[in-house]
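What's in structure_29.txt: compact mmCIF, C-alpha atoms and all ligand atoms
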```txt
# COMPACT_ATOMS: atom_id res chain seq x y z
CA MET A 1 0.00 0.00 0.00
CA GLU A 2 2.64 2.44 1.13
CA SER A 3 4.77 1.64 -1.92
CA GLN A 4 1.78 2.15 -4.21
CA ILE A 5 1.31 5.58 -2.74
CA THR A 6 4.94 6.59 -3.01
CA GLY A 7 5.13 5.18 -6.51
CA LYS A 8 2.16 7.24 -7.61
CA ALA A 9 3.45 10.29 -5.78
CA LEU A 10 6.79 10.05 -7.55
CA LYS A 11 5.13 10.09 -10.96
CA ILE A 12 2.93 13.04 -10.00
CA MET A 13 5.93 14.95 -8.66
CA GLU A 14 7.77 14.22 -11.89
CA ILE A 15 5.04 15.86 -13.98
CA ALA A 16 5.01 18.82 -11.60
CA GLU A 17 8.80 19.02 -11.63
CA GLY A 18 8.81 18.56 -7.87
CA ASN A 19 6.67 21.64 -7.24
CA LEU A 20 3.36 20.80 -5.60
CA CYS A 21 1.88 22.35 -2.48
CA ASP A 22 0.46 20.05 0.20
CA HIS A 23 -3.10 20.81 -0.92
CA CYS A 24 -2.56 19.94 -4.57
CA LEU A 25 -0.43 16.88 -3.76
CA GLY A 26 -2.94 15.72 -1.16
CA ARG A 27 -5.91 16.25 -3.47
CA THR A 28 -4.61 13.61 -5.86
CA PHE A 29 -4.85 11.17 -2.94
CA SER A 30 -8.23 12.31 -1.65
CA LYS A 31 -9.73 8.88 -2.34
CA THR A 32 -6.78 6.74 -1.26
CA VAL A 33 -5.30 8.35 1.86
CA GLU A 34 -7.40 8.76 4.99
CA GLY A 35 -7.32 12.17 6.62
CA PRO A 36 -9.27 15.26 7.66
CA ASP A 37 -8.29 17.33 4.59
CA ASN A 38 -6.06 17.41 1.52
CA LYS A 39 -3.37 19.44 3.28
CA TYR A 40 -2.95 16.64 5.79
CA ARG A 41 -2.84 14.04 2.97
CA GLY A 42 -0.19 16.08 1.16
CA GLU A 43 1.98 16.29 4.28
CA TYR A 44 1.56 12.57 4.82
CA VAL A 45 2.54 11.64 1.26
CA ARG A 46 5.48 14.07 1.30
CA HIS A 47 6.71 12.49 4.51
CA ALA A 48 6.35 9.00 2.99
CA LEU A 49 8.40 10.12 -0.01
CA ASN A 50 11.11 11.57 2.22
CA GLU A 51 11.23 8.26 4.12
CA THR A 52 12.14 6.47 0.89
CA GLY A 53 15.03 8.85 0.42
CA VAL A 54 13.42 11.06 -2.22
CA ASP A 55 13.78 14.79 -1.64
CA ALA A 56 10.17 16.00 -1.64
CA SER A 57 10.57 19.29 0.20
CA THR A 58 7.78 21.86 0.04
CA ALA A 59 7.49 23.72 -3.25
CA ASP A 60 8.29 27.43 -3.61
CA SER A 61 5.56 27.91 -6.17
CA CYS A 62 3.04 25.13 -6.73
CA TYR A 63 2.97 23.84 -10.31
CA ILE A 64 -0.84 23.67 -10.27
CA CYS A 65 -2.10 26.51 -8.10
CA CYS A 66 0.83 28.94 -7.66
CA ASN A 67 0.15 28.74 -3.92
CA ILE A 68 -3.43 29.93 -4.15
CA PHE A 69 -4.19 28.31 -0.78
CA ASP A 70 -1.65 30.63 0.93
CA ASP A 71 -3.52 33.53 -0.65
CA VAL A 72 -6.80 32.13 0.64
CA GLU A 73 -5.45 31.76 4.15
CA ASN A 74 -3.44 34.99 4.36
CA ARG A 75 -5.66 37.42 2.50
CA ILE A 76 -8.92 36.21 0.95
CA ILE A 77 -10.60 35.00 4.15
CA ASP A 78 -9.93 38.35 5.88
CA LYS A 79 -11.22 40.21 2.84
CA ILE A 80 -14.49 38.27 2.87
CA ILE A 81 -15.00 38.74 6.61
CA THR A 82 -14.32 42.47 6.33
CA LYS A 83 -16.75 42.79 3.44
CA ILE A 84 -19.56 40.95 5.20
CA ASN A 85 -19.06 43.00 8.38
CA ARG A 86 -18.71 46.31 6.57
CA GLU A 87 -21.87 45.77 4.55
CA ASN A 88 -23.68 44.61 7.66
CA ILE A 89 -25.16 41.56 5.99
CA GLU A 90 -27.35 39.40 8.20
CA PHE A 91 -27.42 35.69 7.25
CA SER A 92 -27.66 32.27 8.78
CA THR A 93 -26.67 30.08 5.81
CA PHE A 94 -24.13 30.61 3.06
CA LEU A 95 -22.37 29.00 0.13
CA VAL A 96 -18.95 29.74 -1.37
CA GLY A 97 -18.14 29.62 -5.07
CA CYS A 98 -14.97 30.58 -6.90
CA ARG A 99 -13.45 31.31 -10.26
CA VAL A 100 -9.82 30.42 -10.92
CA SER A 101 -7.68 30.92 -14.01
CA PRO A 102 -8.07 28.37 -16.82
CA GLU A 103 -4.33 27.54 -16.58
CA ILE A 104 -4.80 26.22 -13.06
CA LEU A 105 -7.66 24.00 -14.20
CA SER A 106 -5.82 22.71 -17.25
CA LYS A 107 -2.63 21.92 -15.32
CA GLU A 108 -4.65 20.04 -12.74
CA GLU A 109 -6.53 18.19 -15.44
CA GLU A 110 -3.27 17.26 -17.14
CA ILE A 111 -2.12 15.46 -13.97
CA HIS A 112 -5.47 13.86 -13.28
CA LYS A 113 -5.72 12.59 -16.86
CA ASN A 114 -2.15 11.40 -17.00
CA MET A 115 -2.57 9.40 -13.79
CA GLU A 116 -6.17 8.40 -14.54
CA LEU A 117 -7.33 9.96 -11.30
CA ASP A 118 -10.97 10.49 -10.49
CA VAL A 119 -10.75 13.04 -7.66
CA GLU A 120 -12.33 16.39 -6.81
CA ASN A 121 -11.03 19.51 -8.54
CA ILE A 122 -9.29 22.47 -6.96
CA LYS A 123 -12.37 24.71 -6.95
CA LYS A 124 -14.21 22.33 -4.69
CA GLU A 125 -11.35 22.33 -2.23
CA ILE A 126 -10.99 26.12 -2.26
CA ASN A 127 -14.75 26.52 -1.66
CA ARG A 128 -14.65 24.03 1.19
CA GLU A 129 -11.58 25.57 2.86
CA ILE A 130 -13.11 29.07 2.72
CA GLY A 131 -16.43 27.63 3.90
CA LYS A 132 -14.79 26.02 6.94
CA LYS A 133 -13.11 29.28 8.01
CA LEU A 134 -16.34 31.26 7.63
CA TYR A 135 -18.26 28.61 9.53
CA PHE A 136 -15.92 29.05 12.49
CA THR A 137 -15.79 32.85 12.21
CA PHE A 138 -19.51 33.52 11.91
CA ASN A 139 -20.92 30.29 13.32
CA LYS A 140 -23.20 29.99 10.27
CA GLU A 141 -24.07 26.89 8.28
CA VAL A 142 -23.13 26.06 4.71
CA GLU A 143 -26.20 25.31 2.62
CA PHE A 144 -26.11 24.10 -0.95
CA ASP A 145 -29.73 24.30 -2.09
CA ASN A 146 -30.97 27.65 -0.93
CA PRO A 147 -28.35 29.63 1.00
CA ASN A 148 -29.07 33.13 2.34
CA ILE A 149 -25.92 34.44 0.67
CA VAL A 150 -23.50 33.22 -1.97
CA ILE A 151 -19.91 34.41 -1.68
CA MET A 152 -18.24 34.39 -5.10
CA VAL A 153 -14.46 34.68 -5.02
CA ASP A 154 -13.03 35.62 -8.40
CA PHE A 155 -9.29 34.93 -8.28
CA VAL A 156 -8.89 36.02 -11.91
CA ASN A 157 -10.06 39.58 -11.31
CA ASP A 158 -9.23 39.55 -7.60
CA ASN A 159 -12.80 40.35 -6.68
CA ILE A 160 -15.23 39.18 -4.02
CA ASP A 161 -18.93 39.43 -4.71
CA ILE A 162 -21.63 38.68 -2.19
CA GLN A 163 -25.01 37.77 -3.69
CA ILE A 164 -27.83 38.09 -1.19
CA ASN A 165 -30.77 35.85 -1.98
CA PRO A 166 -34.28 37.27 -1.63
CA ILE A 167 -36.69 36.80 1.26
CA PHE A 168 -40.36 36.02 0.70
CA ILE A 169 -43.13 37.34 2.92
CA GLU A 170 -46.67 36.07 2.51
CA GLY A 171 -49.67 38.00 3.74
CA ARG A 172 -53.19 39.04 2.82
CA TYR A 173 -54.16 42.48 1.61
CA ARG A 174 -57.44 44.33 1.72
CA LYS A 175 -58.08 47.12 -0.78
CA LEU A 176 -60.52 49.51 0.79
CA VAL A 177 -60.88 52.03 -2.02
CA ARG A 178 -61.61 51.71 -5.74
CA GLY A 179 -59.37 52.92 -8.52
CA ILE A 180 -56.10 51.28 -7.52
CA PRO A 181 -54.60 48.52 -9.65
CA GLN A 182 -52.67 45.75 -7.96
CA THR A 183 -49.42 46.28 -9.82
CA LYS A 184 -47.92 48.93 -12.06
CA TRP A 185 -50.03 49.79 -15.06
CA PRO A 186 -48.16 51.56 -17.86
CA CYS A 187 -49.63 54.80 -19.21
CA GLY A 188 -51.98 54.03 -22.10
CA LYS A 189 -50.65 56.91 -24.21
CA CYS A 190 -46.89 56.49 -23.89
CA ARG A 191 -46.78 52.86 -22.78
CA GLY A 192 -44.58 53.72 -19.83
CA LYS A 193 -42.05 56.03 -21.44
CA GLY A 194 -43.47 59.15 -19.82
CA CYS A 195 -45.60 61.85 -21.47
CA PRO A 196 -47.57 64.99 -20.51
CA SER A 197 -50.78 63.02 -19.91
CA CYS A 198 -49.17 60.83 -17.23
CA ASN A 199 -47.11 63.71 -15.86
CA TYR A 200 -44.00 61.90 -17.08
CA THR A 201 -44.45 59.09 -14.57
CA GLY A 202 -45.15 56.49 -17.27
CA LYS A 203 -48.00 55.28 -15.07
CA GLN A 204 -51.70 55.19 -15.79
CA TYR A 205 -52.52 55.26 -12.08
CA PRO A 206 -50.51 57.21 -9.51
CA GLU A 207 -50.44 54.37 -7.00
CA THR A 208 -50.84 50.61 -6.86
CA VAL A 209 -51.45 48.04 -4.14
CA GLU A 210 -47.85 46.94 -4.64
CA GLU A 211 -46.52 50.48 -4.22
CA LEU A 212 -48.51 50.95 -1.03
CA ILE A 213 -47.14 47.72 0.47
CA SER A 214 -43.57 47.31 -0.71
CA PRO A 215 -41.65 50.51 0.23
CA GLU A 216 -41.79 49.91 3.99
CA ALA A 217 -40.72 46.29 3.52
CA ILE A 218 -37.77 47.26 1.32
CA LYS A 219 -36.78 49.90 3.87
CA LEU A 220 -36.99 47.58 6.89
CA ALA A 221 -35.05 44.80 5.14
CA CYS A 222 -32.52 47.23 3.59
CA GLY A 223 -33.32 45.55 0.28
CA SER A 224 -32.74 46.87 -3.22
CA GLU A 225 -36.15 46.26 -4.80
CA SER A 226 -39.20 44.03 -4.58
CA LYS A 227 -41.56 41.94 -6.65
CA PHE A 228 -45.23 41.46 -5.89
CA HIS A 229 -46.92 38.10 -6.48
CA GLY A 230 -50.69 38.15 -5.96
CA ALA A 231 -53.08 35.20 -5.75
CA GLY A 232 -54.97 36.55 -8.74
CA ARG A 233 -56.07 40.15 -8.90
CA GLU A 234 -59.24 42.18 -8.71
CA ASP A 235 -60.13 44.79 -11.29
CA ILE A 236 -59.06 48.37 -10.61
CA ASP A 237 -62.61 49.44 -9.73
CA VAL A 238 -63.18 46.48 -7.39
CA LYS A 239 -62.55 46.54 -3.63
CA MET A 240 -60.89 43.60 -1.91
CA LEU A 241 -62.62 43.16 1.44
CA GLY A 242 -63.14 40.35 3.96
CA ASN A 243 -59.86 38.96 5.21
CA GLY A 244 -58.10 39.93 2.04
CA ARG A 245 -56.26 38.41 -0.89
CA PRO A 246 -53.11 36.35 -0.36
CA PHE A 247 -49.88 37.71 -1.80
CA VAL A 248 -46.17 37.05 -1.60
CA LEU A 249 -43.75 39.95 -1.49
CA GLU A 250 -40.27 39.11 -2.69
CA ILE A 251 -37.60 41.44 -1.33
CA LYS A 252 -34.37 41.38 -3.28
CA GLU A 253 -30.93 41.70 -1.69
CA PRO A 254 -32.13 42.14 1.89
CA LYS A 255 -29.29 42.96 4.25
CA ILE A 256 -31.63 42.22 7.12
CA ARG A 257 -33.60 38.97 6.92
CA ASN A 258 -35.04 38.56 10.40
CA LEU A 259 -37.66 41.28 10.20
CA ASP A 260 -40.15 41.84 12.95
CA LEU A 261 -43.27 41.23 10.88
CA GLU A 262 -45.60 42.83 13.41
CA THR A 263 -43.64 46.04 13.14
CA LEU A 264 -43.65 45.72 9.35
CA GLU A 265 -47.42 45.24 9.30
CA GLU A 266 -47.90 48.42 11.34
CA LYS A 267 -45.53 50.40 9.16
CA ILE A 268 -47.22 49.27 5.93
CA ASN A 269 -50.69 50.00 7.23
CA THR A 270 -49.66 53.48 8.38
CA PHE A 271 -47.96 54.19 5.05
CA ALA A 272 -50.92 52.94 3.01
CA GLY A 273 -53.17 55.41 4.82
CA GLY A 274 -56.36 53.32 4.89
CA LYS A 275 -56.37 52.60 1.17
CA VAL A 276 -54.76 49.21 1.60
CA GLU A 277 -54.28 47.08 4.70
CA VAL A 278 -52.14 43.99 5.20
CA GLN A 279 -52.42 41.20 7.76
CA ASP A 280 -51.12 37.72 8.66
CA LEU A 281 -47.57 38.40 7.47
CA LYS A 282 -45.27 35.38 7.61
CA PHE A 283 -42.03 34.18 6.02
CA VAL A 284 -42.35 31.57 3.28
CA GLY A 285 -40.03 29.68 0.93
CA LYS A 286 -39.37 30.82 -2.63
CA ASP A 287 -41.63 28.11 -4.07
CA ARG A 288 -44.63 29.85 -2.60
CA LYS A 289 -44.50 32.71 -5.11
CA GLY A 290 -45.38 30.22 -7.84
CA THR A 291 -48.05 28.23 -6.05
CA ILE A 292 -49.89 31.33 -4.84
CA LYS A 293 -50.30 32.65 -8.39
CA CYS A 294 -52.29 29.86 -9.96
CA SER A 295 -55.96 30.82 -10.00
CA SER A 296 -56.98 27.21 -10.38
CA THR A 297 -60.38 25.77 -9.73
CA ASP A 298 -59.24 24.62 -6.25
CA THR A 299 -59.57 28.24 -5.18
CA TYR A 300 -62.98 29.59 -4.40
CA LYS A 301 -64.15 33.13 -4.06
CA VAL A 302 -67.04 35.13 -2.74
CA TYR A 303 -68.16 38.36 -4.41
CA SER A 304 -70.70 41.03 -3.65
CA ALA A 305 -72.12 42.76 -6.73
CA ILE A 306 -74.68 45.47 -7.38
CA VAL A 307 -76.56 44.70 -10.57
CA GLU A 308 -78.51 47.26 -12.57
CA LEU A 309 -81.16 46.14 -15.06
CA GLU A 310 -82.24 47.89 -18.23
CA ASN A 311 -85.91 47.42 -17.31
CA ASP A 312 -87.79 46.84 -14.08
CA ILE A 313 -88.55 43.25 -13.15
CA ASN A 314 -90.69 41.43 -10.65
CA GLU A 315 -88.69 40.58 -7.50
CA ASP A 316 -89.76 36.93 -7.70
CA LYS A 317 -87.76 36.53 -10.89
CA LEU A 318 -84.53 36.85 -8.89
CA ASN A 319 -85.18 33.35 -7.49
CA LEU A 320 -84.41 31.98 -10.98
CA LEU A 321 -80.75 32.89 -10.42
CA SER A 322 -80.32 30.16 -7.82
CA SER A 323 -80.44 27.65 -10.71
CA MET A 324 -77.10 28.90 -12.05
CA GLU A 325 -74.41 26.32 -11.61
CA ILE A 326 -72.14 25.45 -14.54
CA ILE A 327 -70.99 28.52 -16.43
CA LYS A 328 -69.20 28.37 -19.76
CA GLN A 329 -67.18 31.51 -20.33
CA ARG A 330 -65.29 32.51 -23.40
CA THR A 331 -62.40 34.90 -22.65
CA PRO A 332 -64.08 38.31 -22.10
CA ILE A 333 -63.86 40.95 -24.81
CA ARG A 334 -62.26 43.42 -22.39
CA VAL A 335 -59.27 41.17 -21.67
CA SER A 336 -59.08 39.39 -25.04
CA HIS A 337 -56.14 41.57 -26.13
CA ARG A 338 -53.91 40.09 -23.42
CA ARG A 339 -55.39 36.64 -22.72
CA ALA A 340 -55.72 33.61 -24.96
CA ASP A 341 -59.16 33.15 -26.49
CA LYS A 342 -60.65 30.01 -24.98
CA ILE A 343 -63.77 28.71 -23.32
CA ARG A 344 -63.57 27.70 -19.69
CA THR A 345 -66.04 26.12 -17.37
CA ARG A 346 -66.51 27.33 -13.81
CA THR A 347 -68.97 26.34 -11.12
CA VAL A 348 -71.16 28.70 -9.16
CA ARG A 349 -71.70 27.26 -5.70
CA ASN A 350 -74.30 29.65 -4.46
CA ILE A 351 -76.05 32.91 -5.36
CA THR A 352 -78.16 34.97 -3.00
CA THR A 353 -79.94 38.18 -3.95
CA LYS A 354 -81.46 41.17 -2.21
CA PRO A 355 -83.64 43.61 -4.20
CA LEU A 356 -82.64 47.29 -3.91
CA ALA A 357 -85.12 48.69 -6.45
CA ALA A 358 -87.27 47.36 -9.29
CA ASN A 359 -84.23 47.55 -11.58
CA LYS A 360 -81.43 46.99 -9.09
CA PHE A 361 -80.35 44.26 -6.72
CA GLU A 362 -77.45 43.15 -4.62
CA MET A 363 -76.03 39.68 -5.20
CA ILE A 364 -73.60 37.49 -3.26
CA VAL A 365 -71.87 34.95 -5.51
CA GLU A 366 -69.83 32.04 -4.22
CA CYS A 367 -67.86 30.45 -7.07
CA GLU A 368 -64.73 28.76 -8.31
CA GLY A 369 -61.69 30.94 -8.91
CA GLY A 370 -61.34 32.32 -12.42
CA LEU A 371 -65.00 33.11 -13.04
CA TYR A 372 -65.45 36.60 -14.52
CA ILE A 373 -68.27 38.15 -12.50
CA LYS A 374 -68.93 41.23 -14.63
CA GLU A 375 -69.41 38.94 -17.65
CA LEU A 376 -71.48 36.45 -15.63
CA ILE A 377 -73.86 39.38 -15.11
CA SER A 378 -73.86 40.99 -18.57
CA GLY A 379 -73.41 37.82 -20.66
CA ASP A 380 -70.62 39.55 -22.62
CA GLU A 381 -72.53 39.42 -25.93
CA GLY A 382 -73.25 35.73 -25.56
CA ARG A 383 -69.73 34.74 -24.50
CA SER A 384 -70.84 33.85 -20.95
CA LYS A 385 -73.55 31.21 -20.75
CA PRO A 386 -75.80 31.20 -18.89
CA SER A 387 -75.72 34.80 -17.62
CA ILE A 388 -77.88 36.98 -15.40
CA SER A 389 -79.07 38.93 -18.48
CA GLU A 390 -80.09 35.71 -20.20
CA ILE A 391 -81.93 34.20 -17.23
CA LEU A 392 -83.77 37.41 -16.31
CA GLY A 393 -84.47 38.24 -19.97
CA VAL A 394 -83.27 41.80 -19.54
CA ASN A 395 -79.89 43.44 -20.03
CA ALA A 396 -78.01 43.43 -16.73
CA ARG A 397 -74.88 45.35 -15.81
CA CYS A 398 -72.54 45.19 -12.84
CA ILE A 399 -72.27 48.67 -11.37
CA GLN A 400 -70.27 47.81 -8.27
CA LEU A 401 -68.19 44.81 -7.32
CA ASP A 402 -66.35 43.81 -4.15
CA VAL A 403 -64.40 40.67 -3.42
CA LEU A 404 -65.37 39.34 0.01
CA GLU A 405 -63.27 36.16 0.18
CA VAL A 406 -60.36 34.59 -1.61
CA ASN A 407 -59.67 31.05 -0.49
CA ILE A 408 -56.63 29.26 -1.82
ZN ZN B 501 -1.12 23.88 -5.14
ZN ZN B 502 -47.71 58.64 -20.45
```
Would you mind writing the file's structure down as structure tokens?
Amino acid sequence: MESQITGKALKIMEIAEGNLCDHCLGRTFSKTVEGPDNKYRGEYVRHALNETGVDASTADSCYICCNIFDDVENRIIDKIITKINRENIEFSTFLVGCRVSPEILSKEEEIHKNMELDVENIKKEINREIGKKLYFTFNKEVEFDNPNIVIMVDFVNDNIDIQINPIFIEGRYRKLVRGIPQTKWPCGKCRGKGCPSCNYTGKQYPETVEELISPEAIKLACGSESKFHGAGREDIDVKMLGNGRPFVLEIKEPKIRNLDLETLEEKINTFAGGKVEVQDLKFVGKDRKGTIKCSSTDTYKVYSAIVELENDINEDKLNLLSSMEIIKQRTPIRVSHRRADKIRTRTVRNITTKPLAANKFEMIVECEGGLYIKELISGDEGRSKPSISEILGVNARCIQLDVLEVNI
């Protein structure tokens, strides 16, 4: 065994002209010599070589890495620690990545190929050695799948970059006034470039639900920007009442991750000035932003609508509406420019009505997610079947709509 090791080591040293650091020598034995790390393995093999009378003294400049591990130990680790502390980055998990010059990789590959070695490459060892030091310095865990921060060490450009992964906060919002879209709506005239009619804001509406919620969160987390993911959306002229609509707010590059969500809730609600309110804030994983968005038929919603009729009707006729159950809806005319034209089927679970006048009534509709209520009422020129207009035999129009419940 020992002679196999020294025999192999001699050949490797020959290729490297005797110049290999303990790390690079040890790495070639990472699968054959037991030990806590490659540096230990290198020392062990070097000692074994010396025992056989071969001069295997430590290299001045390593053939593979040009002593990159000295640089890591003497300079890079301190640089990373200083950067993290200076930028005041809060994290509990991290991952290290690195970029080294192509010459280092090709020289290493040359030896590995020549000796038919199947061992880890130098980048893995550098990442692990940096990771170990940071683990002991900060007492934080390395995580591969979804780390809070990724420390990228670029040895080629001598640069350290710290990528901070986003945090995701789920909550429910209520929209207590009409006329506010959920997310940014580009100006209809300039399409967002800025023009006199939008006062050079590029926006059709001065504020959005997103803009009333996100600034305080970005501020508290010291983030750079945010993205709003709603569980569907209500029309601009529709209020969102009840216990609100679920949303996930993604905050990018947050220097502070452990936010006090009660404080955040208060700050948002003060900032939004009664137009929008949030509640039930909690931290969620990044997958949630996708699952919350699908307005599938598993979701169900409750709406309150005020319906105006073209002609007066007898109150008793409203009872006919309780027969509505399966609705076939072709994509409404008003959204057909941005949604695919298709027919979908949605179920109405329950409709209750309360007359307000001979040509006006209030209606509570409980239905599957994705049903267009305004079109359920008007019929949308025959695209929604059956519709309130069709059943009552008189043109009906939704003049006010509120969402009371969104269940996902
Ligand atoms: Zn080396
Ligand atoms: Zn404009």
Take atom CA of A:Arg344 and atom CA of A:Glu368 and report the distance between them in Å, one decimal.
->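 Value for the atom CA of A:Arg344-atom CA of A:Glu368 distance: 11.5 Å.
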Q) Which residues, written as a list in words, have at least one atom at most 7 Å from A:Leu95, with all atoms listed in the file counted and residues fewer than 3 positions away on the same chain left out? A)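 Contacts, with the query itself left out: Val142, Glu143, Phe144, Pro147, Ile149, Val150 and Ile151 of chain A.
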Quick one: write out the picked residues with C-alpha atoms as a compact mmCIF listing (two decimals), in the coordinates of the input?
```
# COMPACT_ATOMS: atom_id res chain seq x y z
CA VAL A 142 -23.13 26.06 4.71
CA GLU A 143 -26.20 25.31 2.62
CA PHE A 144 -26.11 24.10 -0.95
CA PRO A 147 -28.35 29.63 1.00
CA ILE A 149 -25.92 34.44 0.67
CA VAL A 150 -23.50 33.22 -1.97
CA ILE A 151 -19.91 34.41 -1.68
```
Can you write out as a tab-separated table which residues of stretch 225-338 of chain A fall within 7 Å of stretch 386-402 of chain A, alongside each residue's closest atom pair and its distance in Å to one decimal, counting all atoms listed in the file and ordering rows by chain and ascending residue number?
```
residue	atom	partner	partner_atom	distance
A:Val238	CA	A:Asp402	CA	5.3
A:Lys239	CA	A:Asp402	CA	4.7
A:Met240	CA	A:Asp402	CA	5.9
A:Leu241	CA	A:Asp402	CA	6.8
A:Tyr303	CA	A:Asp402	CA	5.7
A:Ser304	CA	A:Asp402	CA	5.2
A:Ala305	CA	A:Leu401	CA	4.5
A:Ile306	CA	A:Gln400	CA	5.1
A:Val307	CA	A:Cys398	CA	4.6
A:Glu308	CA	A:Arg397	CA	5.2
A:Leu309	CA	A:Ala396	CA	4.5
A:Glu310	CA	A:Asn395	CA	5.3
A:Asn311	CA	A:Val394	CA	6.6
A:Lys317	CA	A:Leu392	CA	6.8
A:Ile327	CA	A:Pro386	CA	6.0
```
Selection export as a short mmCIF file (atom, residue, chain, number, x, y, z; two decimals), in the coordinates of the input, atoms kept: C-alpha atoms:
```cif
data_model
loop_
_atom_site.label_atom_id
_atom_site.label_comp_id
_atom_site.auth_asym_id
_atom_site.auth_seq_id
_atom_site.Cartn_x
_atom_site.Cartn_y
_atom_site.Cartn_z
CA VAL A 238 -63.18 46.48 -7.39
CA LYS A 239 -62.55 46.54 -3.63
CA MET A 240 -60.89 43.60 -1.91
CA LEU A 241 -62.62 43.16 1.44
CA TYR A 303 -68.16 38.36 -4.41
CA SER A 304 -70.70 41.03 -3.65
CA ALA A 305 -72.12 42.76 -6.73
CA ILE A 306 -74.68 45.47 -7.38
CA VAL A 307 -76.56 44.70 -10.57
CA GLU A 308 -78.51 47.26 -12.57
CA LEU A 309 -81.16 46.14 -15.06
CA GLU A 310 -82.24 47.89 -18.23
CA ASN A 311 -85.91 47.42 -17.31
CA LYS A 317 -87.76 36.53 -10.89
CA ILE A 327 -70.99 28.52 -16.43
#
```
* Write out as a ChimeraX atom specification which residues come within 10 Å of stretch 277-282 of chain A when counting only C-alpha atoms, dropping same-chain ones fewer than 5 positions away. => /A:168-176,209,212-213,240-241,243-249,259-262,264-266,268-272
*How would you write, as an NGL selection string, the set of residues no farther than 12 Å from ligand ZN 501 (chain B) when counting only C-alpha atoms and all ligand atoms?*
:A and (13 or 16 or 18-28 or 38-39 or 42 or 58-72 or 104-105 or 107-108 or 121-123 or 125-126)
